[in-house]
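Shown here: structure-v1.cif, mmCIF, C-alpha atoms.
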```cif
data_protein
#
loop_
_atom_site.label_atom_id
_atom_site.label_comp_id
_atom_site.auth_asym_id
_atom_site.auth_seq_id
_atom_site.Cartn_x
_atom_site.Cartn_y
_atom_site.Cartn_z
CA MET B 1 282.52 80.88 152.67
CA THR B 2 281.93 78.22 155.34
CA THR B 3 279.37 80.51 156.97
CA CYS B 4 277.54 81.10 153.71
CA ILE B 5 277.36 77.36 152.96
CA GLY B 6 275.88 76.86 156.42
CA ASP B 7 273.36 79.65 155.94
CA CYS B 8 272.29 78.25 152.56
CA LEU B 9 271.80 74.74 153.93
CA ALA B 10 269.95 76.09 156.98
CA CYS B 11 267.61 78.07 154.71
CA TYR B 12 267.15 75.03 152.42
CA ARG B 13 266.13 72.97 155.48
CA THR B 14 263.72 75.56 156.82
CA CYS B 15 262.05 76.42 153.51
CA LEU B 16 261.63 72.82 152.38
CA SER B 17 260.34 71.49 155.70
CA SER B 18 258.06 74.53 156.20
CA ALA B 19 256.55 74.17 152.72
CA MET B 20 256.03 70.41 152.98
CA GLY B 21 254.98 70.58 156.65
CA HIS B 22 253.44 73.85 157.79
CA CYS B 23 252.12 75.02 154.41
CA LEU B 24 250.54 71.72 153.34
CA GLU B 25 248.93 71.38 156.78
CA ALA B 26 247.72 74.97 156.94
CA GLY B 27 246.30 74.92 153.41
CA GLY B 28 244.45 77.98 152.06
CA LYS B 29 246.77 80.78 150.98
CA HIS B 30 249.76 78.66 152.08
CA VAL B 31 249.22 76.30 149.14
CA GLU B 32 248.44 78.98 146.60
CA LYS B 33 250.64 78.42 143.58
CA ALA B 34 252.65 81.66 143.76
CA HIS B 35 253.61 81.27 147.41
CA PHE B 36 254.28 77.55 147.38
CA THR B 37 256.36 77.75 144.19
CA LEU B 38 258.44 80.56 145.68
CA MET B 39 259.12 78.43 148.78
CA MET B 40 260.27 75.50 146.62
CA ALA B 41 262.37 77.74 144.35
CA CYS B 42 264.02 79.19 147.45
CA ALA B 43 264.84 75.73 148.82
CA GLU B 44 266.30 74.65 145.47
CA ILE B 45 268.49 77.71 144.85
CA CYS B 46 269.85 77.47 148.42
CA ARG B 47 270.70 73.80 147.81
CA THR B 48 272.40 74.67 144.52
CA SER B 49 274.33 77.66 145.87
CA ALA B 50 275.71 75.52 148.68
CA HIS B 51 276.63 72.85 146.10
CA PHE B 52 278.47 75.40 143.93
CA MET B 53 280.49 76.65 146.91
CA LEU B 54 281.27 73.08 147.98
CA ILE B 55 282.61 72.05 144.57
CA GLY B 56 284.68 75.22 144.43
CA THR B 57 283.49 76.76 141.17
CA PRO B 58 283.97 80.54 140.73
CA HIS B 59 280.42 80.61 139.33
CA HIS B 60 279.17 80.40 142.91
CA LYS B 61 279.02 84.20 142.85
CA HIS B 62 276.24 84.12 140.29
CA THR B 63 274.21 81.47 142.11
CA CYS B 64 274.74 83.36 145.38
CA ALA B 65 273.48 86.57 143.78
CA GLU B 66 270.37 84.77 142.53
CA CYS B 67 269.98 83.09 145.91
CA ALA B 68 270.03 86.45 147.71
CA GLU B 69 267.32 87.73 145.39
CA ILE B 70 265.00 84.73 145.78
CA CYS B 71 265.53 84.55 149.56
CA THR B 72 264.55 88.20 149.95
CA GLU B 73 261.42 87.68 147.88
CA CYS B 74 260.56 84.57 149.90
CA ALA B 75 261.09 86.36 153.23
CA ASP B 76 258.78 89.17 152.11
CA ASP B 77 256.10 86.73 151.01
CA CYS B 78 256.31 84.73 154.25
CA GLU B 79 255.99 87.95 156.24
CA ARG B 80 252.90 88.88 154.24
CA LEU B 81 251.26 85.52 155.07
CA GLY B 82 252.29 85.54 158.74
CA GLY B 83 253.03 82.66 161.08
CA MET B 84 256.24 81.77 159.28
CA ASP B 85 258.83 83.50 161.45
CA ASP B 86 261.43 80.72 161.19
CA CYS B 87 261.32 80.89 157.43
CA VAL B 88 261.56 84.68 157.38
CA ALA B 89 264.60 84.59 159.67
CA ALA B 90 266.41 81.86 157.72
CA CYS B 91 265.75 83.63 154.39
CA ARG B 92 266.92 87.05 155.67
CA ARG B 93 270.11 85.59 157.10
CA CYS B 94 270.86 83.61 153.93
CA ALA B 95 270.10 86.60 151.68
CA GLU B 96 272.54 88.74 153.64
CA SER B 97 275.21 86.05 153.59
CA CYS B 98 274.84 85.37 149.86
CA ARG B 99 274.82 89.07 149.00
CA ARG B 100 278.16 89.44 150.75
CA MET B 101 279.55 86.37 148.99
CA ALA B 102 278.37 87.58 145.57
CA SER B 103 280.19 90.88 145.97
CA THR B 104 283.49 89.51 147.31
CA HIS B 105 286.53 90.13 145.12
CA MET N 1 259.98 75.50 127.36
CA THR N 2 259.57 71.72 126.96
CA THR N 3 262.48 71.75 124.50
CA CYS N 4 264.69 73.70 126.87
CA ILE N 5 263.94 71.31 129.77
CA GLY N 6 264.90 68.43 127.48
CA ASP N 7 268.11 70.14 126.39
CA CYS N 8 269.06 70.87 130.02
CA LEU N 9 268.48 67.28 131.13
CA ALA N 10 270.33 65.92 128.10
CA CYS N 11 273.31 68.17 128.89
CA TYR N 12 273.16 67.16 132.57
CA ARG N 13 273.30 63.49 131.53
CA THR N 14 276.17 63.96 129.11
CA CYS N 15 278.31 66.18 131.36
CA LEU N 16 277.85 64.07 134.48
CA SER N 17 278.43 60.71 132.79
CA SER N 18 281.38 62.07 130.76
CA ALA N 19 283.06 63.51 133.85
CA MET N 20 282.52 60.40 135.98
CA GLY N 21 283.24 58.00 133.11
CA HIS N 22 285.48 59.35 130.35
CA CYS N 23 287.38 61.93 132.42
CA LEU N 24 288.11 59.69 135.43
CA GLU N 25 289.23 56.89 133.09
CA ALA N 26 291.35 59.14 130.86
CA GLY N 27 293.03 60.89 133.82
CA GLY N 28 295.73 63.50 133.18
CA LYS N 29 294.36 66.86 132.10
CA HIS N 30 290.83 65.42 132.24
CA VAL N 31 290.99 65.31 136.05
CA GLU N 32 292.70 68.65 136.49
CA LYS N 33 290.73 70.67 139.01
CA ALA N 34 289.64 73.52 136.70
CA HIS N 35 288.29 71.25 133.97
CA PHE N 36 286.64 68.67 136.21
CA THR N 37 285.00 71.33 138.39
CA LEU N 38 283.62 73.06 135.31
CA MET N 39 282.10 69.78 134.12
CA MET N 40 280.42 69.21 137.49
CA ALA N 41 279.22 72.83 137.73
CA CYS N 42 277.73 72.47 134.25
CA ALA N 43 275.90 69.26 135.20
CA GLU N 44 274.52 70.90 138.36
CA ILE N 45 273.29 74.15 136.77
CA CYS N 46 271.59 72.15 133.99
CA ARG N 47 269.86 70.02 136.63
CA THR N 48 268.76 73.13 138.53
CA SER N 49 267.58 75.05 135.45
CA ALA N 50 265.43 72.09 134.42
CA HIS N 51 264.08 71.94 137.99
CA PHE N 52 263.19 75.66 137.96
CA MET N 53 261.30 75.32 134.68
CA LEU N 54 259.50 72.21 135.94
CA ILE N 55 258.27 73.87 139.13
CA GLY N 56 257.15 76.89 137.11
CA THR N 57 259.00 79.70 138.84
CA PRO N 58 259.58 82.91 136.84
CA HIS N 59 263.15 82.87 138.22
CA HIS N 60 263.96 80.19 135.64
CA LYS N 61 265.11 83.03 133.38
CA HIS N 62 268.01 83.78 135.71
CA THR N 63 269.07 80.16 136.10
CA CYS N 64 268.75 79.71 132.32
CA ALA N 65 270.98 82.74 131.75
CA GLU N 66 273.60 81.34 134.11
CA CYS N 67 273.20 77.91 132.52
CA ALA N 68 273.88 79.34 129.04
CA GLU N 69 277.05 80.97 130.34
CA ILE N 70 278.45 77.88 132.07
CA CYS N 71 277.52 75.57 129.16
CA THR N 72 279.40 77.80 126.72
CA GLU N 73 282.45 77.84 128.95
CA CYS N 74 282.26 74.06 129.36
CA ALA N 75 281.91 73.49 125.60
CA ASP N 76 284.99 75.66 124.97
CA ASP N 77 287.02 73.80 127.56
CA CYS N 78 285.97 70.38 126.24
CA GLU N 79 286.95 71.48 122.72
CA ARG N 80 290.35 72.57 124.02
CA LEU N 81 290.95 69.13 125.55
CA GLY N 82 289.63 67.18 122.58
CA GLY N 83 287.93 63.79 122.43
CA MET N 84 284.78 65.09 124.10
CA ASP N 85 282.55 65.76 121.08
CA ASP N 86 279.33 64.53 122.74
CA CYS N 87 279.85 66.92 125.61
CA VAL N 88 280.63 69.85 123.30
CA ALA N 89 277.48 69.19 121.26
CA ALA N 90 275.20 68.83 124.31
CA CYS N 91 276.61 72.01 125.91
CA ARG N 92 276.28 74.08 122.70
CA ARG N 93 272.70 72.97 122.18
CA CYS N 94 271.75 73.64 125.81
CA ALA N 95 273.48 77.04 125.82
CA GLU N 96 271.54 78.11 122.74
CA SER N 97 268.26 76.84 124.16
CA CYS N 98 268.78 78.51 127.56
CA ARG N 99 269.87 81.78 125.98
CA ARG N 100 266.61 81.88 124.05
CA MET N 101 264.62 81.05 127.20
CA ALA N 102 266.39 83.73 129.25
CA SER N 103 265.48 86.44 126.75
CA THR N 104 261.82 85.46 126.24
CA HIS N 105 259.29 88.07 127.33
CA MET V 1 270.76 51.29 131.49
CA THR V 2 270.31 54.19 129.08
CA THR V 3 266.61 53.35 128.85
CA CYS V 4 266.23 53.28 132.63
CA ILE V 5 267.97 56.65 133.02
CA GLY V 6 265.57 58.07 130.45
CA ASP V 7 262.54 56.55 132.19
CA CYS V 8 263.66 57.94 135.56
CA LEU V 9 264.19 61.45 134.19
CA ALA V 10 260.86 61.31 132.33
CA CYS V 11 259.08 60.29 135.54
CA TYR V 12 260.93 63.01 137.50
CA ARG V 13 259.71 65.60 134.95
CA THR V 14 256.13 64.40 134.98
CA CYS V 15 255.80 64.01 138.77
CA LEU V 16 257.43 67.32 139.61
CA SER V 17 255.58 69.39 137.00
CA SER V 18 252.26 67.66 137.80
CA ALA V 19 252.62 68.29 141.53
CA MET V 20 253.68 71.91 141.13
CA GLY V 21 251.24 72.58 138.27
CA HIS V 22 248.16 70.37 138.18
CA CYS V 23 248.00 69.54 141.91
CA LEU V 24 248.54 73.09 143.21
CA GLU V 25 245.98 74.41 140.72
CA ALA V 26 243.39 71.70 141.41
CA GLY V 27 243.74 72.00 145.21
CA GLY V 28 241.51 69.88 147.47
CA LYS V 29 242.66 66.28 147.76
CA HIS V 30 245.49 67.03 145.33
CA VAL V 31 247.28 69.12 147.99
CA GLU V 32 246.57 66.77 150.87
CA LYS V 33 249.83 66.05 152.66
CA ALA V 34 250.01 62.30 151.98
CA HIS V 35 249.44 62.60 148.23
CA PHE V 36 251.56 65.68 147.62
CA THR V 37 254.47 64.31 149.68
CA LEU V 38 254.35 61.05 147.73
CA MET V 39 254.53 62.98 144.44
CA MET V 40 257.58 64.93 145.65
CA ALA V 41 259.27 61.81 147.05
CA CYS V 42 258.71 60.10 143.70
CA ALA V 43 260.25 63.00 141.79
CA GLU V 44 263.27 63.05 144.11
CA ILE V 45 264.01 59.30 144.06
CA CYS V 46 263.73 59.28 140.24
CA ARG V 47 266.23 62.18 140.08
CA THR V 48 268.58 60.36 142.45
CA SER V 49 268.32 56.97 140.72
CA ALA V 50 269.18 58.60 137.39
CA HIS V 51 272.11 60.36 139.10
CA PHE V 52 273.43 57.08 140.54
CA MET V 53 273.31 55.38 137.14
CA LEU V 54 274.99 58.38 135.49
CA ILE V 55 277.91 58.42 137.94
CA GLY V 56 278.29 54.67 137.50
CA THR V 57 278.03 53.47 141.09
CA PRO V 58 277.03 49.83 141.66
CA HIS V 59 274.70 51.12 144.41
CA HIS V 60 272.30 52.19 141.66
CA LYS V 61 270.61 48.81 142.14
CA HIS V 62 269.44 49.81 145.60
CA THR V 63 268.19 53.23 144.55
CA CYS V 64 266.46 51.62 141.54
CA ALA V 65 264.75 49.10 143.84
CA GLU V 66 263.51 51.91 146.07
CA CYS V 67 262.51 53.93 143.00
CA ALA V 68 260.40 51.04 141.68
CA GLU V 69 258.61 50.82 145.02
CA ILE V 70 257.83 54.52 145.34
CA CYS V 71 256.78 54.84 141.68
CA THR V 72 254.31 51.99 142.08
CA GLU V 73 252.85 53.58 145.20
CA CYS V 74 252.64 56.95 143.44
CA ALA V 75 250.94 55.43 140.36
CA ASP V 76 248.35 53.75 142.60
CA ASP V 77 247.65 56.98 144.47
CA CYS V 78 247.34 59.02 141.26
CA GLU V 79 244.89 56.43 139.88
CA ARG V 80 242.85 56.71 143.06
CA LEU V 81 242.59 60.50 142.66
CA GLY V 82 241.89 60.41 138.93
CA GLY V 83 242.73 62.92 136.21
CA MET V 84 246.46 62.19 136.44
CA ASP V 85 246.91 59.75 133.57
CA ASP V 86 250.30 61.13 132.47
CA CYS V 87 251.68 60.66 135.94
CA VAL V 88 250.31 57.13 136.25
CA ALA V 89 251.85 56.16 132.91
CA ALA V 90 255.27 57.66 133.67
CA CYS V 91 255.36 56.03 137.12
CA ARG V 92 254.34 52.59 135.80
CA ARG V 93 256.95 52.70 133.05
CA CYS V 94 259.69 53.85 135.42
CA ALA V 95 258.76 51.25 138.06
CA GLU V 96 259.01 48.48 135.47
CA SER V 97 262.31 49.77 134.17
CA CYS V 98 263.84 50.19 137.64
CA ARG V 99 262.63 46.77 138.78
CA ARG V 100 264.45 45.19 135.83
CA MET V 101 267.59 47.22 136.57
CA ALA V 102 267.54 46.28 140.26
CA SER V 103 267.46 42.57 139.46
CA THR V 104 270.15 42.58 136.75
CA HIS V 105 273.25 40.53 137.55
CA MET G 1 265.29 63.21 163.18
CA THR G 2 266.72 66.74 163.37
CA THR G 3 270.07 65.26 164.39
CA CYS G 4 270.06 62.78 161.51
CA ILE G 5 269.26 65.53 158.97
CA GLY G 6 272.19 67.52 160.36
CA ASP G 7 274.52 64.51 160.19
CA CYS G 8 273.48 63.79 156.59
CA LEU G 9 274.06 67.38 155.48
CA ALA G 10 277.39 67.53 157.33
CA CYS G 11 278.51 64.33 155.60
CA TYR G 12 277.29 65.65 152.23
CA ARG G 13 279.38 68.81 152.76
CA THR G 14 282.50 66.94 153.81
CA CYS G 15 282.36 64.25 151.12
CA LEU G 16 281.60 66.64 148.27
CA SER G 17 284.17 69.27 149.23
CA SER G 18 286.82 66.61 149.98
CA ALA G 19 286.28 64.90 146.63
CA MET G 20 286.28 68.12 144.62
CA GLY G 21 289.07 69.71 146.69
CA HIS G 22 291.46 67.29 148.39
CA CYS G 23 291.03 64.35 145.98
CA LEU G 24 291.33 66.35 142.74
CA GLU G 25 294.37 68.17 144.14
CA ALA G 26 296.06 65.04 145.47
CA GLY G 27 295.46 63.04 142.30
CA GLY G 28 296.81 59.48 142.00
CA LYS G 29 294.73 56.92 143.86
CA HIS G 30 292.42 59.74 145.04
CA VAL G 31 291.03 60.14 141.53
CA GLU G 32 290.81 56.45 140.75
CA LYS G 33 287.33 55.70 139.47
CA ALA G 34 286.21 53.37 142.29
CA HIS G 35 287.19 55.72 145.11
CA PHE G 36 286.03 58.95 143.51
CA THR G 37 282.70 57.45 142.47
CA LEU G 38 282.11 56.18 146.00
CA MET G 39 282.77 59.67 147.38
CA MET G 40 280.25 61.21 144.97
CA ALA G 41 277.67 58.47 145.61
CA CYS G 42 278.05 59.10 149.33
CA ALA G 43 277.54 62.85 148.92
CA GLU G 44 274.43 62.27 146.79
CA ILE G 45 272.73 59.71 149.05
CA CYS G 46 273.35 61.96 152.08
CA ARG G 47 271.75 64.87 150.20
CA THR G 48 268.78 62.70 149.23
CA SER G 49 268.28 61.17 152.69
CA ALA G 50 268.21 64.63 154.23
CA HIS G 51 265.71 65.69 151.55
CA PHE G 52 263.44 62.72 152.29
CA MET G 53 263.43 63.50 156.01
CA LEU G 54 262.76 67.19 155.31
CA ILE G 55 259.74 66.52 153.09
CA GLY G 56 258.42 64.08 155.68
CA THR G 57 258.00 60.94 153.62
CA PRO G 58 257.93 57.59 155.50
CA HIS G 59 260.25 56.26 152.76
CA HIS G 60 263.11 58.09 154.51
CA LYS G 61 263.78 54.83 156.35
CA HIS G 62 264.84 53.15 153.13
CA THR G 63 267.07 56.00 151.98
CA CYS G 64 268.56 56.18 155.49
CA ALA G 65 269.31 52.44 155.39
CA GLU G 66 271.04 52.84 152.02
CA CYS G 67 272.83 55.94 153.29
CA ALA G 68 274.22 54.03 156.30
CA GLU G 69 275.55 51.35 153.97
CA ILE G 70 277.25 53.71 151.53
CA CYS G 71 278.67 55.91 154.33
CA THR G 72 280.26 52.86 155.98
CA GLU G 73 281.79 51.75 152.69
CA CYS G 74 283.06 55.29 152.05
CA ALA G 75 284.57 55.57 155.54
CA ASP G 76 286.40 52.26 155.04
CA ASP G 77 287.75 53.33 151.66
CA CYS G 78 288.89 56.73 152.97
CA GLU G 79 290.67 54.99 155.86
CA ARG G 80 292.43 52.71 153.38
CA LEU G 81 293.72 55.71 151.41
CA GLY G 82 294.71 57.73 154.46
CA GLY G 83 294.83 61.48 154.98
CA MET G 84 291.06 61.81 154.90
CA ASP G 85 290.22 61.86 158.61
CA ASP G 86 287.45 64.48 158.32
CA CYS G 87 285.67 62.38 155.76
CA VAL G 88 286.03 59.19 157.80
CA ALA G 89 284.59 60.91 160.88
CA ALA G 90 281.65 62.48 159.03
CA CYS G 91 280.79 59.19 157.31
CA ARG G 92 280.97 57.15 160.54
CA ARG G 93 278.76 59.62 162.40
CA CYS G 94 276.22 59.76 159.56
CA ALA G 95 276.18 55.97 159.16
CA GLU G 96 275.44 55.53 162.86
CA SER G 97 272.73 58.20 162.80
CA CYS G 98 271.05 56.79 159.67
CA ARG G 99 271.20 53.23 160.96
CA ARG G 100 269.32 54.34 164.07
CA MET G 101 266.77 56.23 161.97
CA ALA G 102 266.23 53.27 159.63
CA SER G 103 265.38 50.97 162.52
CA THR G 104 263.04 53.34 164.41
CA HIS G 105 259.47 52.15 164.74
#
```
Write out the structure in this file as structure tokens.
Amino acid sequence: MTTCIGDCLACYRTCLSSAMGHCLEAGGKHVEKAHFTLMMACAEICRTSAHFMLIGTPHHKHTCAECAEICTECADDCERLGGMDDCVAACRRCAESCRRMASTH
Amino acid sequence: MTTCIGDCLACYRTCLSSAMGHCLEAGGKHVEKAHFTLMMACAEICRTSAHFMLIGTPHHKHTCAECAEICTECADDCERLGGMDDCVAACRRCAESCRRMASTH
Amino acid sequence: MTTCIGDCLACYRTCLSSAMGHCLEAGGKHVEKAHFTLMMACAEICRTSAHFMLIGTPHHKHTCAECAEICTECADDCERLGGMDDCVAACRRCAESCRRMASTH
Amino acid sequence: MTTCIGDCLACYRTCLSSAMGHCLEAGGKHVEKAHFTLMMACAEICRTSAHFMLIGTPHHKHTCAECAEICTECADDCERLGGMDDCVAACRRCAESCRRMASTH
């Protein structure tokens, strides 16, 4: 679980700073509503999933499942736009980590 | 959706202030790990569901569904303990509101 | 304090939904880095100030003081851009409320 | 700044998981209102300071200054209680890092 918390916080950092840095500076398709909202949703669910694991609630499985889904969608969208390799990598790693956490018995 | 955002933030306020006020002051079963963690998980998912609706992501349906589930569990647990009528009422109202939001097409 | 919590959460709602709705849709100067970052900083400090009051920490005076400062700056910037009357009003009200809270003995 | 963000998130993790794990399990003075509230305030200001640095707002200096103050107070209180060495270390490191950030020109 320690790894998953780390992956969630790393993805939160990368998505939030990329959206508010790279995307706002690049403009154009990077600030289109669908893409930018997905970036911010990804940052927020990563932050919340980490929080749920840190407080020790069994509901972390549900937030991790949702986190895996949003991270995958965000990675795909960042790949489509291009020039966001850090974000793609952080999202893929977090999605994998959360998927594993969500299916642990 | 405006109503649901209001219900989520109202439940966040009540759960968080009840946990950190009433529960810490009452002690005993009110600070037992299972109950206290549930209160804090409820406050956090309400905060996040409101956030998702405010940023306008379609994934708010999933956080609302999870919010409805945790709020119902929290209301039941607060009823079991007794003396937490405000919390029960806020959780029931939010659960109902989020359930409706999660099933909207 | 109940009023101030309400004003902070109302300003959080308005700033966050305006930034992610109105500003992203309007584009142009509304998604310039300085303005958009200020909107998001305002939403976050309002969320945090409300949180500090809800958990009952005496440090809420410092977050309220900072909140009043950022809200005032955000209101001024929204006035400069125009077409953001809701945001200006919510920020002015919250700034006033937080300033009073920060100076309470 | 990257170091300070890391120190804030590390302190957020340690404070939140210690409060919701160690403190709730230990009970007694660990769940007394003043101590527990300080732990939660520390977790929240660390989370917010990291957020401010990540979005790139110049106001991060003010949240970092407040973060340094709360972290120092939290470290002192954890030392007083004893058995919370991880928390003391994370708070001291974060306080130092935030103090430096707050005074950077």
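CA of Gly83 in chain B lies 21.8 Å from CA of Glu69 in chain B.
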Hey, could you make a per-residue contact list for chain G against chain B with 10 Å as the cut-off, showing the nearest pair of atoms and its distance in Å to one decimal, counting only C-alpha atoms, sorted by chain and number, as JSON lines?
```
{"residue": "G:Ile5", "atom": "CA", "partner": "B:Arg13", "partner_atom": "CA", "distance": 8.8}
{"residue": "G:Gly6", "atom": "CA", "partner": "B:Ala10", "partner_atom": "CA", "distance": 9.5}
{"residue": "G:Leu9", "atom": "CA", "partner": "B:Leu9", "partner_atom": "CA", "distance": 7.9}
{"residue": "G:Ala10", "atom": "CA", "partner": "B:Gly6", "partner_atom": "CA", "distance": 9.5}
{"residue": "G:Tyr12", "atom": "CA", "partner": "B:Leu54", "partner_atom": "CA", "distance": 9.4}
{"residue": "G:Arg13", "atom": "CA", "partner": "B:Leu54", "partner_atom": "CA", "distance": 6.7}
{"residue": "G:Thr14", "atom": "CA", "partner": "B:Leu54", "partner_atom": "CA", "distance": 8.6}
{"residue": "G:Cys15", "atom": "CA", "partner": "B:Leu54", "partner_atom": "CA", "distance": 9.4}
{"residue": "G:Leu16", "atom": "CA", "partner": "B:Leu54", "partner_atom": "CA", "distance": 6.5}
{"residue": "G:Ser17", "atom": "CA", "partner": "B:Leu54", "partner_atom": "CA", "distance": 4.9}
{"residue": "G:Ser18", "atom": "CA", "partner": "B:Ile55", "partner_atom": "CA", "distance": 8.8}
{"residue": "G:Ala19", "atom": "CA", "partner": "B:Ile55", "partner_atom": "CA", "distance": 8.3}
{"residue": "G:Met20", "atom": "CA", "partner": "B:Ile55", "partner_atom": "CA", "distance": 5.4}
{"residue": "G:Gly21", "atom": "CA", "partner": "B:Ile55", "partner_atom": "CA", "distance": 7.2}
{"residue": "G:Arg47", "atom": "CA", "partner": "B:Arg47", "partner_atom": "CA", "distance": 9.3}
{"residue": "G:Ala50", "atom": "CA", "partner": "B:Arg13", "partner_atom": "CA", "distance": 8.7}
{"residue": "G:His51", "atom": "CA", "partner": "B:Leu16", "partner_atom": "CA", "distance": 8.3}
{"residue": "G:Phe52", "atom": "CA", "partner": "B:Ser17", "partner_atom": "CA", "distance": 9.9}
{"residue": "G:Met53", "atom": "CA", "partner": "B:Ser17", "partner_atom": "CA", "distance": 8.6}
{"residue": "G:Leu54", "atom": "CA", "partner": "B:Ser17", "partner_atom": "CA", "distance": 4.9}
{"residue": "G:Ile55", "atom": "CA", "partner": "B:Met20", "partner_atom": "CA", "distance": 5.4}
{"residue": "G:Gly56", "atom": "CA", "partner": "B:Met20", "partner_atom": "CA", "distance": 7.3}
{"residue": "G:Thr57", "atom": "CA", "partner": "B:Met20", "partner_atom": "CA", "distance": 9.7}
```
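What the PyMOL selection byres ((chain B and resi 78) around 10) grabs from this file is His30, His35, Leu38, Met39, Thr72, Glu73, Cys74, Ala75, Asp76, Asp77, Glu79, Arg80, Leu81, Gly82, Gly83, Met84, Asp85, Asp86, Cys87, Val88, Ala89 and Cys91 of chain B.
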So which residues touch Val31 in chain V within 9 Å, counting all atoms listed in the file, skipping near sequence neighbours fewer than 4 positions away, as an mmCIF file with C-alpha atoms, in the frame of the given file?
```cif
data_model
loop_
_atom_site.group_PDB
_atom_site.id
_atom_site.type_symbol
_atom_site.label_atom_id
_atom_site.label_comp_id
_atom_site.auth_asym_id
_atom_site.auth_seq_id
_atom_site.Cartn_x
_atom_site.Cartn_y
_atom_site.Cartn_z
ATOM 1 C CA LEU B 24 250.540 71.720 153.340
ATOM 2 C CA GLY B 27 246.300 74.920 153.410
ATOM 3 C CA VAL B 31 249.220 76.300 149.140
ATOM 4 C CA ALA V 19 252.620 68.290 141.530
ATOM 5 C CA CYS V 23 248.000 69.540 141.910
ATOM 6 C CA LEU V 24 248.540 73.090 143.210
ATOM 7 C CA ALA V 26 243.390 71.700 141.410
ATOM 8 C CA GLY V 27 243.740 72.000 145.210
ATOM 9 C CA HIS V 35 249.440 62.600 148.230
ATOM 10 C CA PHE V 36 251.560 65.680 147.620
ATOM 11 C CA THR V 37 254.470 64.310 149.680
#
```
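Across the model, the gap from CA of Ala102 in chain V to CA of Cys94 in chain G is 25.1 Å.
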**Q.** Within 12 Å of Thr104 in chain G using all atoms listed in the file, minus same-chain residues under 3 positions, as a PyMOL selection string
**A.** chain G and resi 1+58+60-62+64-65+97-101
How big is the axis-aligned box around all listed atoms of range 59-69 of chain N once 6 Å goes on each side, and where's its centre, in Å to one decimal, as AutoDock Vina command-line options?
```
--center_x 270.1 --center_y 80.8 --center_z 133.6 --size_x 25.9 --size_y 17.9 --size_z 21.2
```
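One distance worth recording is that between CA of Cys71 in chain G and CA of Ala95 in chain G, which is 5.4 Å.
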